[in-house]
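Participant: So here's my_file.cif, just mmCIF, C-alpha atoms:
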data_structure
#
loop_
_atom_site.group_PDB
_atom_site.id
_atom_site.type_symbol
_atom_site.label_atom_id
_atom_site.label_comp_id
_atom_site.auth_asym_id
_atom_site.auth_seq_id
_atom_site.Cartn_x
_atom_site.Cartn_y
_atom_site.Cartn_z
ATOM 1 C CA MET A 1 -91.802 -25.927 38.917
ATOM 2 C CA ALA A 2 -89.263 -23.271 39.898
ATOM 3 C CA MET A 3 -85.672 -24.449 39.651
ATOM 4 C CA SER A 4 -84.583 -22.502 42.740
ATOM 5 C CA THR A 5 -86.116 -20.802 45.773
ATOM 6 C CA LEU A 6 -82.735 -19.846 47.217
ATOM 7 C CA PRO A 7 -82.490 -16.379 48.754
ATOM 8 C CA GLY A 8 -80.157 -13.736 47.367
ATOM 9 C CA VAL A 9 -77.394 -11.477 48.567
ATOM 10 C CA ASP A 10 -79.503 -9.799 51.265
ATOM 11 C CA ALA A 11 -79.736 -13.115 53.130
ATOM 12 C CA VAL A 12 -75.982 -13.590 52.865
ATOM 13 C CA ASN A 13 -75.388 -10.059 54.120
ATOM 14 C CA ARG A 14 -77.594 -10.830 57.125
ATOM 15 C CA ILE A 15 -75.324 -13.719 58.095
ATOM 16 C CA VAL A 16 -72.185 -11.653 57.504
ATOM 17 C CA GLU A 17 -73.559 -8.901 59.726
ATOM 18 C CA CYS A 18 -74.604 -11.337 62.461
ATOM 19 C CA THR A 19 -71.274 -13.145 62.598
ATOM 20 C CA GLY A 20 -69.368 -9.894 62.296
ATOM 21 C CA ASN A 21 -71.039 -8.827 65.531
ATOM 22 C CA GLY A 22 -70.160 -12.072 67.332
ATOM 23 C CA VAL A 23 -73.582 -13.678 66.833
ATOM 24 C CA PHE A 24 -73.640 -17.346 65.831
ATOM 25 C CA VAL A 25 -75.131 -18.766 62.645
ATOM 26 C CA ASP A 26 -76.822 -22.074 63.485
ATOM 27 C CA LEU A 27 -75.759 -24.750 60.986
ATOM 28 C CA THR A 28 -77.384 -27.581 62.972
ATOM 29 C CA ASN A 29 -81.048 -26.854 62.209
ATOM 30 C CA TRP A 30 -82.514 -27.027 58.708
ATOM 31 C CA THR A 31 -84.405 -23.891 57.705
ATOM 32 C CA GLY A 32 -85.856 -24.949 54.335
ATOM 33 C CA GLY A 33 -84.886 -24.082 50.794
ATOM 34 C CA SER A 34 -85.992 -20.452 50.778
ATOM 35 C CA SER A 35 -83.992 -19.347 53.850
ATOM 36 C CA LEU A 36 -80.421 -19.293 55.065
ATOM 37 C CA PRO A 37 -79.535 -20.452 58.609
ATOM 38 C CA ASN A 38 -80.774 -18.502 61.605
ATOM 39 C CA CYS A 39 -78.599 -16.225 63.711
ATOM 40 C CA VAL A 40 -78.641 -17.148 67.411
ATOM 41 C CA SER A 41 -77.089 -15.629 70.506
ATOM 42 C CA SER A 42 -75.962 -19.037 71.809
ATOM 43 C CA CYS A 43 -75.605 -22.486 70.289
ATOM 44 C CA PRO A 44 -77.875 -25.478 71.023
ATOM 45 C CA ALA A 45 -76.652 -27.641 73.891
ATOM 46 C CA ALA A 46 -75.669 -30.631 71.739
ATOM 47 C CA SER A 47 -73.709 -28.571 69.210
ATOM 48 C CA GLU A 48 -70.195 -27.142 69.084
ATOM 49 C CA ALA A 49 -69.614 -23.397 68.926
ATOM 50 C CA ILE A 50 -66.940 -22.169 66.492
ATOM 51 C CA ASP A 51 -65.356 -18.737 66.634
ATOM 52 C CA TYR A 52 -64.164 -16.670 63.704
ATOM 53 C CA ASN A 53 -60.862 -18.043 62.360
ATOM 54 C CA ALA A 54 -58.528 -18.007 59.389
ATOM 55 C CA ASN A 55 -60.013 -21.190 57.874
ATOM 56 C CA GLY A 56 -63.020 -19.283 56.569
ATOM 57 C CA ASP A 57 -65.271 -20.009 59.546
ATOM 58 C CA ARG A 58 -67.489 -17.422 61.138
ATOM 59 C CA TYR A 59 -69.179 -17.671 64.524
ATOM 60 C CA SER A 60 -71.295 -20.770 63.981
ATOM 61 C CA CYS A 61 -72.993 -23.732 65.625
ATOM 62 C CA VAL A 62 -72.021 -27.100 64.141
ATOM 63 C CA GLU A 63 -72.123 -30.795 64.942
ATOM 64 C CA PRO A 64 -69.323 -31.841 67.341
ATOM 65 C CA GLU A 65 -66.157 -33.560 66.098
ATOM 66 C CA THR A 66 -66.925 -37.035 67.428
ATOM 67 C CA TYR A 67 -66.503 -39.320 64.384
ATOM 68 C CA ASN A 68 -63.726 -40.686 62.207
ATOM 69 C CA ARG A 69 -62.202 -38.300 59.724
ATOM 70 C CA THR A 70 -64.267 -38.285 56.524
ATOM 71 C CA ARG A 71 -63.842 -37.073 52.960
ATOM 72 C CA LEU A 72 -67.194 -36.399 51.333
ATOM 73 C CA ARG A 73 -67.338 -35.507 47.628
ATOM 74 C CA PHE A 74 -70.389 -35.178 45.396
ATOM 75 C CA SER A 75 -71.862 -33.035 42.660
ATOM 76 C CA LEU A 76 -75.294 -31.528 42.079
ATOM 77 C CA ARG A 77 -76.700 -31.153 38.568
ATOM 78 C CA THR A 78 -79.388 -28.611 37.742
ATOM 79 C CA TYR A 79 -80.403 -26.316 34.882
ATOM 80 C CA CYS A 80 -82.318 -23.157 34.095
ATOM 81 C CA GLN A 81 -83.470 -21.329 30.977
ATOM 82 C CA ALA A 82 -81.304 -18.298 30.264
ATOM 83 C CA SER A 83 -84.200 -15.813 30.348
ATOM 84 C CA LYS A 84 -85.367 -17.153 33.733
ATOM 85 C CA CYS A 85 -82.059 -17.951 35.427
ATOM 86 C CA ARG A 86 -81.917 -15.802 38.582
ATOM 87 C CA PHE A 87 -78.187 -16.220 39.153
ATOM 88 C CA ALA A 88 -77.009 -15.985 35.533
ATOM 89 C CA ASN A 89 -75.069 -12.803 36.332
ATOM 90 C CA ASP A 90 -74.072 -13.894 39.845
ATOM 91 C CA TRP A 91 -72.637 -17.400 39.485
ATOM 92 C CA ASP A 92 -70.362 -17.137 42.498
ATOM 93 C CA LEU A 93 -73.230 -15.886 44.647
ATOM 94 C CA TYR A 94 -75.215 -18.952 43.517
ATOM 95 C CA ARG A 95 -72.330 -21.214 44.533
ATOM 96 C CA GLN A 96 -71.884 -19.444 47.838
ATOM 97 C CA VAL A 97 -75.551 -19.501 48.871
ATOM 98 C CA LEU A 98 -75.871 -23.184 47.994
ATOM 99 C CA SER A 99 -72.633 -23.915 49.876
ATOM 100 C CA ILE A 100 -74.132 -22.408 53.022
ATOM 101 C CA LYS A 101 -77.179 -24.643 52.563
ATOM 102 C CA VAL A 102 -74.984 -27.737 52.152
ATOM 103 C CA SER A 103 -73.045 -26.828 55.316
ATOM 104 C CA GLU A 104 -76.382 -26.534 57.090
ATOM 105 C CA LEU A 105 -77.574 -29.828 55.588
ATOM 106 C CA LEU A 106 -74.565 -31.687 57.011
ATOM 107 C CA GLY A 107 -74.017 -29.596 60.138
ATOM 108 C CA ILE A 108 -70.377 -28.893 59.283
ATOM 109 C CA ALA A 109 -68.279 -25.743 59.498
ATOM 110 C CA LEU A 110 -68.073 -23.466 56.463
ATOM 111 C CA GLY A 111 -64.292 -23.802 56.467
ATOM 112 C CA GLU A 112 -64.606 -27.587 56.114
ATOM 113 C CA LEU A 113 -66.542 -27.351 52.846
ATOM 114 C CA ARG A 114 -65.098 -26.563 49.415
ATOM 115 C CA SER A 115 -67.263 -25.887 46.386
ATOM 116 C CA ALA A 116 -67.072 -25.148 42.679
ATOM 117 C CA ILE A 117 -69.557 -24.358 39.922
ATOM 118 C CA LEU A 118 -69.367 -25.253 36.237
ATOM 119 C CA TYR A 119 -71.943 -24.133 33.685
ATOM 120 C CA TRP A 120 -72.463 -24.013 29.931
ATOM 121 C CA LYS A 121 -75.219 -23.245 27.457
ATOM 122 C CA VAL A 122 -77.221 -25.812 25.481
ATOM 123 C CA ASP A 123 -80.161 -25.489 23.099
ATOM 124 C CA SER A 124 -82.614 -27.519 25.160
ATOM 125 C CA VAL A 125 -83.141 -29.827 28.140
ATOM 126 C CA PRO A 126 -82.425 -32.691 27.702
ATOM 127 C CA PRO A 127 -79.404 -31.435 25.739
ATOM 128 C CA PRO A 128 -78.945 -32.237 22.032
ATOM 129 C CA ALA A 129 -76.681 -35.163 21.181
ATOM 130 C CA ASP A 130 -73.821 -32.884 20.082
ATOM 131 C CA SER A 131 -73.677 -30.975 23.383
ATOM 132 C CA PRO A 132 -70.693 -31.477 25.712
ATOM 133 C CA THR A 133 -71.144 -34.343 28.194
ATOM 134 C CA LEU A 134 -69.513 -33.973 31.597
ATOM 135 C CA SER A 135 -68.043 -37.236 32.838
ATOM 136 C CA SER A 136 -66.555 -36.022 36.129
ATOM 137 C CA PHE A 137 -66.386 -32.907 38.292
ATOM 138 C CA PHE A 138 -64.824 -32.937 41.748
ATOM 139 C CA ILE A 139 -62.456 -31.110 44.095
ATOM 140 C CA ALA A 140 -59.064 -32.699 44.764
ATOM 141 C CA ARG A 141 -56.267 -31.926 47.208
ATOM 142 C CA THR A 142 -52.566 -31.648 46.372
ATOM 143 C CA ASP A 143 -51.697 -34.934 48.120
ATOM 144 C CA GLU A 144 -54.250 -36.952 46.109
ATOM 145 C CA ASP A 145 -53.653 -38.871 42.881
ATOM 146 C CA ASP A 146 -56.499 -37.173 40.987
ATOM 147 C CA TYR A 147 -55.297 -33.629 41.725
ATOM 148 C CA VAL A 148 -54.849 -31.321 38.715
ATOM 149 C CA ALA A 149 -53.144 -27.993 39.342
ATOM 150 C CA PRO A 150 -55.315 -24.899 38.824
ATOM 151 C CA GLY A 151 -54.539 -22.766 35.807
ATOM 152 C CA SER A 152 -54.088 -25.783 33.541
ATOM 153 C CA ARG A 153 -57.356 -25.231 31.660
ATOM 154 C CA ARG A 154 -57.192 -25.637 27.909
ATOM 155 C CA LEU A 155 -59.440 -24.954 24.926
ATOM 156 C CA ALA A 156 -59.659 -28.083 22.799
ATOM 157 C CA ARG A 157 -60.816 -26.521 19.574
ATOM 158 C CA ASN A 158 -63.038 -23.781 18.237
ATOM 159 C CA LEU A 159 -66.547 -25.209 17.887
ATOM 160 C CA ARG A 160 -68.529 -22.164 16.935
ATOM 161 C CA ARG A 161 -72.227 -22.761 16.440
ATOM 162 C CA ARG A 162 -75.413 -20.750 16.866
ATOM 163 C CA LEU A 163 -77.423 -21.579 19.977
ATOM 164 C CA ALA A 164 -81.182 -21.232 20.377
ATOM 165 C CA THR A 165 -82.638 -17.745 20.926
ATOM 166 C CA ASP A 166 -83.335 -18.570 24.583
ATOM 167 C CA PRO A 167 -80.895 -21.368 25.464
ATOM 168 C CA TRP A 168 -80.553 -23.258 28.731
ATOM 169 C CA TYR A 169 -77.732 -23.382 31.239
ATOM 170 C CA LEU A 170 -76.589 -26.777 32.428
ATOM 171 C CA ILE A 171 -75.131 -26.180 35.890
ATOM 172 C CA TYR A 172 -72.978 -28.476 38.003
ATOM 173 C CA PHE A 173 -71.828 -27.855 41.559
ATOM 174 C CA ALA A 174 -68.962 -29.845 43.064
ATOM 175 C CA PHE A 175 -68.722 -30.104 46.850
ATOM 176 C CA ARG A 176 -66.042 -31.501 49.100
ATOM 177 C CA GLY A 177 -66.180 -31.789 52.886
ATOM 178 C CA ASP A 178 -63.221 -32.821 55.040
ATOM 179 C CA THR A 179 -64.658 -33.251 58.489
ATOM 180 C CA GLN A 180 -65.117 -35.306 61.639
ATOM 181 C CA ARG A 181 -68.700 -34.122 62.122
ATOM 182 C CA VAL A 182 -70.527 -36.515 59.787
ATOM 183 C CA SER A 183 -71.643 -39.936 61.014
ATOM 184 C CA PRO A 184 -73.028 -42.759 58.829
ATOM 185 C CA SER A 185 -76.486 -41.852 60.167
ATOM 186 C CA ASN A 186 -76.181 -38.126 59.441
ATOM 187 C CA ALA A 187 -79.581 -36.936 58.166
ATOM 188 C CA GLY A 188 -78.033 -34.779 55.472
ATOM 189 C CA LEU A 189 -75.891 -37.633 54.196
ATOM 190 C CA GLU A 190 -78.986 -39.836 54.104
ATOM 191 C CA LEU A 191 -80.842 -37.199 52.059
ATOM 192 C CA LEU A 192 -77.963 -36.888 49.592
ATOM 193 C CA THR A 193 -77.763 -40.669 49.266
ATOM 194 C CA ASN A 194 -81.427 -41.642 49.079
ATOM 195 C CA GLY A 195 -83.480 -38.443 48.882
ATOM 196 C CA THR A 196 -85.726 -37.560 45.969
ATOM 197 C CA GLU A 197 -85.324 -34.455 43.828
ATOM 198 C CA ALA A 198 -88.429 -33.010 45.501
ATOM 199 C CA GLU A 199 -86.947 -33.567 48.973
ATOM 200 C CA LEU A 200 -83.682 -31.922 47.954
ATOM 201 C CA PHE A 201 -85.619 -28.968 46.538
ATOM 202 C CA GLU A 202 -87.538 -28.539 49.793
ATOM 203 C CA THR A 203 -84.369 -28.670 51.891
ATOM 204 C CA LEU A 204 -81.676 -27.044 49.724
ATOM 205 C CA GLY A 205 -83.816 -24.711 47.633
ATOM 206 C CA VAL A 206 -82.647 -26.015 44.259
ATOM 207 C CA SER A 207 -84.124 -28.667 41.995
ATOM 208 C CA ALA A 208 -81.126 -30.920 41.436
ATOM 209 C CA THR A 209 -79.912 -34.486 41.219
ATOM 210 C CA VAL A 210 -76.967 -35.861 43.192
ATOM 211 C CA GLU A 211 -74.141 -37.449 41.211
ATOM 212 C CA SER A 212 -70.872 -39.224 42.061
ATOM 213 C CA LEU A 213 -71.342 -39.237 45.836
ATOM 214 C CA GLU A 214 -68.222 -40.501 47.582
ATOM 215 C CA TRP A 215 -68.057 -40.894 51.351
ATOM 216 C CA VAL A 216 -64.753 -42.249 52.676
ATOM 217 C CA GLN A 217 -63.797 -42.636 56.327
ATOM 218 C CA SER A 218 -60.110 -42.812 57.214
ATOM 219 C CA GLY A 219 -60.591 -44.820 60.400
ATOM 220 C CA ASP A 220 -58.792 -42.073 62.328
ATOM 221 C CA SER A 221 -60.813 -40.468 65.110
ATOM 222 C CA THR A 222 -58.071 -38.067 66.254
ATOM 223 C CA SER A 223 -58.188 -34.428 65.274
ATOM 224 C CA SER A 224 -55.941 -33.593 62.311
ATOM 225 C CA THR A 225 -52.997 -31.281 62.968
ATOM 226 C CA THR A 226 -52.534 -30.561 59.247
ATOM 227 C CA VAL A 227 -53.860 -27.174 58.158
ATOM 228 C CA TRP A 228 -54.889 -27.037 54.486
ATOM 229 C CA SER A 229 -55.251 -23.727 52.684
ATOM 230 C CA SER A 230 -57.424 -22.831 49.698
ATOM 231 C CA SER A 231 -54.412 -23.181 47.393
ATOM 232 C CA ASP A 232 -54.145 -26.871 48.321
ATOM 233 C CA PHE A 233 -57.437 -27.662 46.570
ATOM 234 C CA SER A 234 -58.418 -27.533 42.921
ATOM 235 C CA ALA A 235 -61.595 -28.173 40.951
ATOM 236 C CA VAL A 236 -61.125 -30.880 38.313
ATOM 237 C CA TYR A 237 -63.535 -31.484 35.447
ATOM 238 C CA GLN A 238 -63.493 -33.752 32.415
ATOM 239 C CA PHE A 239 -65.780 -33.901 29.408
ATOM 240 C CA GLU A 240 -66.222 -37.098 27.450
ATOM 241 C CA GLY A 241 -63.566 -37.339 24.746
ATOM 242 C CA PHE A 242 -61.310 -34.668 26.279
ATOM 243 C CA ASP A 243 -58.469 -34.482 28.769
ATOM 244 C CA SER A 244 -58.994 -33.182 32.303
ATOM 245 C CA ASN A 245 -59.676 -29.437 32.555
ATOM 246 C CA THR A 246 -60.050 -29.098 28.789
ATOM 247 C CA ALA A 247 -62.950 -26.961 27.586
ATOM 248 C CA PRO A 248 -64.702 -28.454 24.524
ATOM 249 C CA GLY A 249 -64.784 -25.291 22.387
ATOM 250 C CA GLU A 250 -66.087 -21.740 22.747
ATOM 251 C CA ALA A 251 -69.644 -22.043 21.503
ATOM 252 C CA HIS A 252 -71.211 -23.151 24.762
ATOM 253 C CA GLU A 253 -69.790 -20.346 26.944
ATOM 254 C CA LEU A 254 -68.281 -22.695 29.497
ATOM 255 C CA GLY A 255 -67.463 -20.928 32.744
ATOM 256 C CA GLY A 256 -67.280 -21.358 36.477
ATOM 257 C CA ALA A 257 -65.812 -20.486 39.838
ATOM 258 C CA ALA A 258 -64.110 -22.436 42.601
ATOM 259 C CA ARG A 259 -63.452 -21.227 46.121
ATOM 260 C CA ALA A 260 -63.847 -22.170 49.762
ATOM 261 C CA ALA A 261 -67.361 -21.914 51.173
ATOM 262 C CA ASP A 262 -66.533 -18.851 53.259
ATOM 263 C CA LEU A 263 -68.337 -15.561 53.736
ATOM 264 C CA ALA A 264 -65.372 -13.221 53.774
ATOM 265 C CA GLN A 265 -65.990 -11.476 50.441
ATOM 266 C CA CYS A 266 -69.745 -11.383 50.065
ATOM 267 C CA LYS A 267 -70.922 -8.246 51.844
ATOM 268 C CA GLU A 268 -70.024 -5.884 49.028
ATOM 269 C CA ALA A 269 -70.519 -6.029 45.252
ATOM 270 C CA CYS A 270 -67.502 -8.327 44.822
ATOM 271 C CA TYR A 271 -69.745 -11.400 45.219
ATOM 272 C CA THR A 272 -70.385 -11.231 41.463
ATOM 273 C CA TYR A 273 -68.089 -13.589 39.583
ATOM 274 C CA ASN A 274 -68.177 -14.929 36.045
ATOM 275 C CA GLU A 275 -65.014 -16.549 34.788
ATOM 276 C CA VAL A 276 -65.337 -17.740 31.215
ATOM 277 C CA ILE A 277 -62.817 -20.521 30.808
ATOM 278 C CA ASP A 278 -60.384 -19.889 27.976
#
Mind turning this structure into structure tokens?
Facilitator:
Amino acid sequence: MAMSTLPGVDAVNRIVECTGNGVFVDLTNWTGGSSLPNCVSSCPAASEAIDYNANGDRYSCVEPETYNRTRLRFSLRTYCQASKCRFANDWDLYRQVLSIKVSELLGIALGELRSAILYWKVDSVPPPADSPTLSSFFIARTDEDDYVAPGSRRLARNLRRRLATDPWYLIYFAFRGDTQRVSPSNAGLELLTNGTEAELFETLGVSATVESLEWVQSGDSTSSTTVWSSSDFSAVYQFEGFDSNTAPGEAHELGGAARAADLAQCKEACYTYNEVID
């Protein structure tokens, strides 16, 4: 079974071109795992139309803001063999394409979704017993108790070892949505909560399992007047036996990227991103 049917940069460029010309991208209708959302001249009657703005949103059709304010956090775990990993040289593109699919899954604006990717090499799947074990990976905001400031990554110790000739990448994606567009009966939330790996693959285009899903409603149905910027959020990870944001040695080529789920930088070659944590 293929680990991913996600489209590549050409599909992202199509959306950038559409929205750049004032055409809406429809995030309210699922298009399947091998396609990104459709471009439409006008939004469906039951949806809300969003214009281009500084929060990272493009012209898009989304679910209306009719529910209590919600914080949704979860991670997706997947893997691929190094010789067959389509996005091994384009990790940020991988994160960005999947972020668009998650926005479509939930029907929320791109600017309301944050995402991060964390990956490392192992000899096999399942991983050997001495491979790093990730205990948590999430996106926190500056006003929250579990926030860790970016730039505080550390290397625990030098654990040099020789990996297999064709190793595997273990890949984790962390997602965070702050929105008033998700109800308890949201179809995307139901899929994330109870869906099978096969159903996720068909819808999101990646064979993955959902971990650490957290859905918290504030009880407040009024629109928030607080504007949060990208610098107010940080990806936090912790491996078993290590402090937060501490990389367990160099041998596994731990790396990743964390940004908002926007489209502002993806039309040119700058979509390629590969930050090896050091």
Participant: Suppose you want the space between atom CA of Glu112 of chain A and atom CA of Ala198 of chain A; what is it in Å?
Facilitator: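 Atom CA of Ala198 of chain A lies at a distance of 26.6 Å from atom CA of Glu112 of chain A.
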Participant: To test your reading of the syntax: which residues would the PyMOL selection byres ((chain A and resi 107) around 8) return for the file shown? Reply as a PyMOL selection string.
Facilitator: chain A and resi 27-29+62-63+103-106+108-109+181-182
Participant: Would you be able to write out as a PyMOL selection string which residues have an atom within 12 Å of (-83.4, -26.6, 49.7) in the file's coordinates, counting all atoms listed in the file?
Facilitator: chain A and resi 2-7+30-37+97-105+188+191-192+195-208
Participant: Calculated over all atoms listed in the file, which of the candidates A:Leu213, A:Ile50, A:Val9, A:Val148 has the smallest distance to Phe175 of chain A?
Facilitator: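 Using all atoms listed in the file, Phe175 of chain A sits closest to A:Leu213.
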Participant: Give as a PDB file with C-alpha atoms, keeping the file's coordinate frame each residue that has an atom at most 10 Å from (-66.4, -31.5, 28.0) in the file, counting all atoms listed in the file.
Facilitator:
ATOM      1  CA  TRP A 120     -72.463 -24.013  29.931  1.00  0.00           C
ATOM      2  CA  SER A 131     -73.677 -30.975  23.383  1.00  0.00           C
ATOM      3  CA  PRO A 132     -70.693 -31.477  25.712  1.00  0.00           C
ATOM      4  CA  THR A 133     -71.144 -34.343  28.194  1.00  0.00           C
ATOM      5  CA  LEU A 134     -69.513 -33.973  31.597  1.00  0.00           C
ATOM      6  CA  SER A 135     -68.043 -37.236  32.838  1.00  0.00           C
ATOM      7  CA  SER A 136     -66.555 -36.022  36.129  1.00  0.00           C
ATOM      8  CA  ALA A 156     -59.659 -28.083  22.799  1.00  0.00           C
ATOM      9  CA  TYR A 237     -63.535 -31.484  35.447  1.00  0.00           C
ATOM     10  CA  GLN A 238     -63.493 -33.752  32.415  1.00  0.00           C
ATOM     11  CA  PHE A 239     -65.780 -33.901  29.408  1.00  0.00           C
ATOM     12  CA  GLU A 240     -66.222 -37.098  27.450  1.00  0.00           C
ATOM     13  CA  GLY A 241     -63.566 -37.339  24.746  1.00  0.00           C
ATOM     14  CA  PHE A 242     -61.310 -34.668  26.279  1.00  0.00           C
ATOM     15  CA  ASP A 243     -58.469 -34.482  28.769  1.00  0.00           C
ATOM     16  CA  SER A 244     -58.994 -33.182  32.303  1.00  0.00           C
ATOM     17  CA  ASN A 245     -59.676 -29.437  32.555  1.00  0.00           C
ATOM     18  CA  THR A 246     -60.050 -29.098  28.789  1.00  0.00           C
ATOM     19  CA  ALA A 247     -62.950 -26.961  27.586  1.00  0.00           C
ATOM     20  CA  PRO A 248     -64.702 -28.454  24.524  1.00  0.00           C
ATOM     21  CA  GLY A 249     -64.784 -25.291  22.387  1.00  0.00           C
ATOM     22  CA  LEU A 254     -68.281 -22.695  29.497  1.00  0.00           C
TER      23      LEU A 254
END
Participant: I want to know what sits within 12 Å of Val125 of chain A, based on all atoms listed in the file, with residues of the same chain fewer than 3 positions away left out; could you give that as a JSON list (two decimals) with C-alpha atoms, in the coordinates of the input?
Facilitator:
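Once written, result-v9.json looks like this:
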[["chain", "number", "residue", "atom", "x", "y", "z"],
["A", 78, "THR", "CA", -79.39, -28.61, 37.74],
["A", 79, "TYR", "CA", -80.40, -26.32, 34.88],
["A", 80, "CYS", "CA", -82.32, -23.16, 34.10],
["A", 81, "GLN", "CA", -83.47, -21.33, 30.98],
["A", 82, "ALA", "CA", -81.30, -18.30, 30.26],
["A", 121, "LYS", "CA", -75.22, -23.24, 27.46],
["A", 122, "VAL", "CA", -77.22, -25.81, 25.48],
["A", 128, "PRO", "CA", -78.94, -32.24, 22.03],
["A", 129, "ALA", "CA", -76.68, -35.16, 21.18],
["A", 131, "SER", "CA", -73.68, -30.98, 23.38],
["A", 164, "ALA", "CA", -81.18, -21.23, 20.38],
["A", 166, "ASP", "CA", -83.34, -18.57, 24.58],
["A", 167, "PRO", "CA", -80.90, -21.37, 25.46],
["A", 168, "TRP", "CA", -80.55, -23.26, 28.73],
["A", 169, "TYR", "CA", -77.73, -23.38, 31.24],
["A", 170, "LEU", "CA", -76.59, -26.78, 32.43],
["A", 171, "ILE", "CA", -75.13, -26.18, 35.89]]
Participant: When the PyMOL selection byres ((chain A and resi 212) around 12) is applied to the file above, which residues end up in the set, as an mmCIF file with C-alpha atoms, in the coordinates of the input?
Facilitator:
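The resulting file, expr19.cif, is reproduced below:
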data_model
loop_
_atom_site.group_PDB
_atom_site.id
_atom_site.type_symbol
_atom_site.label_atom_id
_atom_site.label_comp_id
_atom_site.auth_asym_id
_atom_site.auth_seq_id
_atom_site.Cartn_x
_atom_site.Cartn_y
_atom_site.Cartn_z
ATOM 1 C CA LEU A 72 -67.194 -36.399 51.333
ATOM 2 C CA ARG A 73 -67.338 -35.507 47.628
ATOM 3 C CA PHE A 74 -70.389 -35.178 45.396
ATOM 4 C CA SER A 75 -71.862 -33.035 42.660
ATOM 5 C CA LEU A 76 -75.294 -31.528 42.079
ATOM 6 C CA ARG A 77 -76.700 -31.153 38.568
ATOM 7 C CA LEU A 134 -69.513 -33.973 31.597
ATOM 8 C CA SER A 135 -68.043 -37.236 32.838
ATOM 9 C CA SER A 136 -66.555 -36.022 36.129
ATOM 10 C CA PHE A 137 -66.386 -32.907 38.292
ATOM 11 C CA PHE A 138 -64.824 -32.937 41.748
ATOM 12 C CA ILE A 139 -62.456 -31.110 44.095
ATOM 13 C CA TYR A 172 -72.978 -28.476 38.003
ATOM 14 C CA PHE A 173 -71.828 -27.855 41.559
ATOM 15 C CA ALA A 174 -68.962 -29.845 43.064
ATOM 16 C CA PHE A 175 -68.722 -30.104 46.850
ATOM 17 C CA ARG A 176 -66.042 -31.501 49.100
ATOM 18 C CA LEU A 192 -77.963 -36.888 49.592
ATOM 19 C CA THR A 193 -77.763 -40.669 49.266
ATOM 20 C CA THR A 209 -79.912 -34.486 41.219
ATOM 21 C CA VAL A 210 -76.967 -35.861 43.192
ATOM 22 C CA GLU A 211 -74.141 -37.449 41.211
ATOM 23 C CA LEU A 213 -71.342 -39.237 45.836
ATOM 24 C CA GLU A 214 -68.222 -40.501 47.582
ATOM 25 C CA TRP A 215 -68.057 -40.894 51.351
#
Participant: Which is closer to Ala45 of chain A than all the others in A:Pro64, A:Pro150, A:Pro127, A:Gly111, using all atoms listed in the file?
Facilitator: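 Checking each of A:Pro64, A:Pro150, A:Pro127, A:Gly111 against Ala45 of chain A, counting all atoms listed in the file, the winner is A:Pro64.
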Participant: Find the residues near segment 21-24 of chain A: any atom within 10 Å, counting all atoms listed in the file, skip ones fewer than 6 places away on the same chain, and give them as a PyMOL selection string.
Facilitator: chain A and resi 15+37-43+49-52+58-61
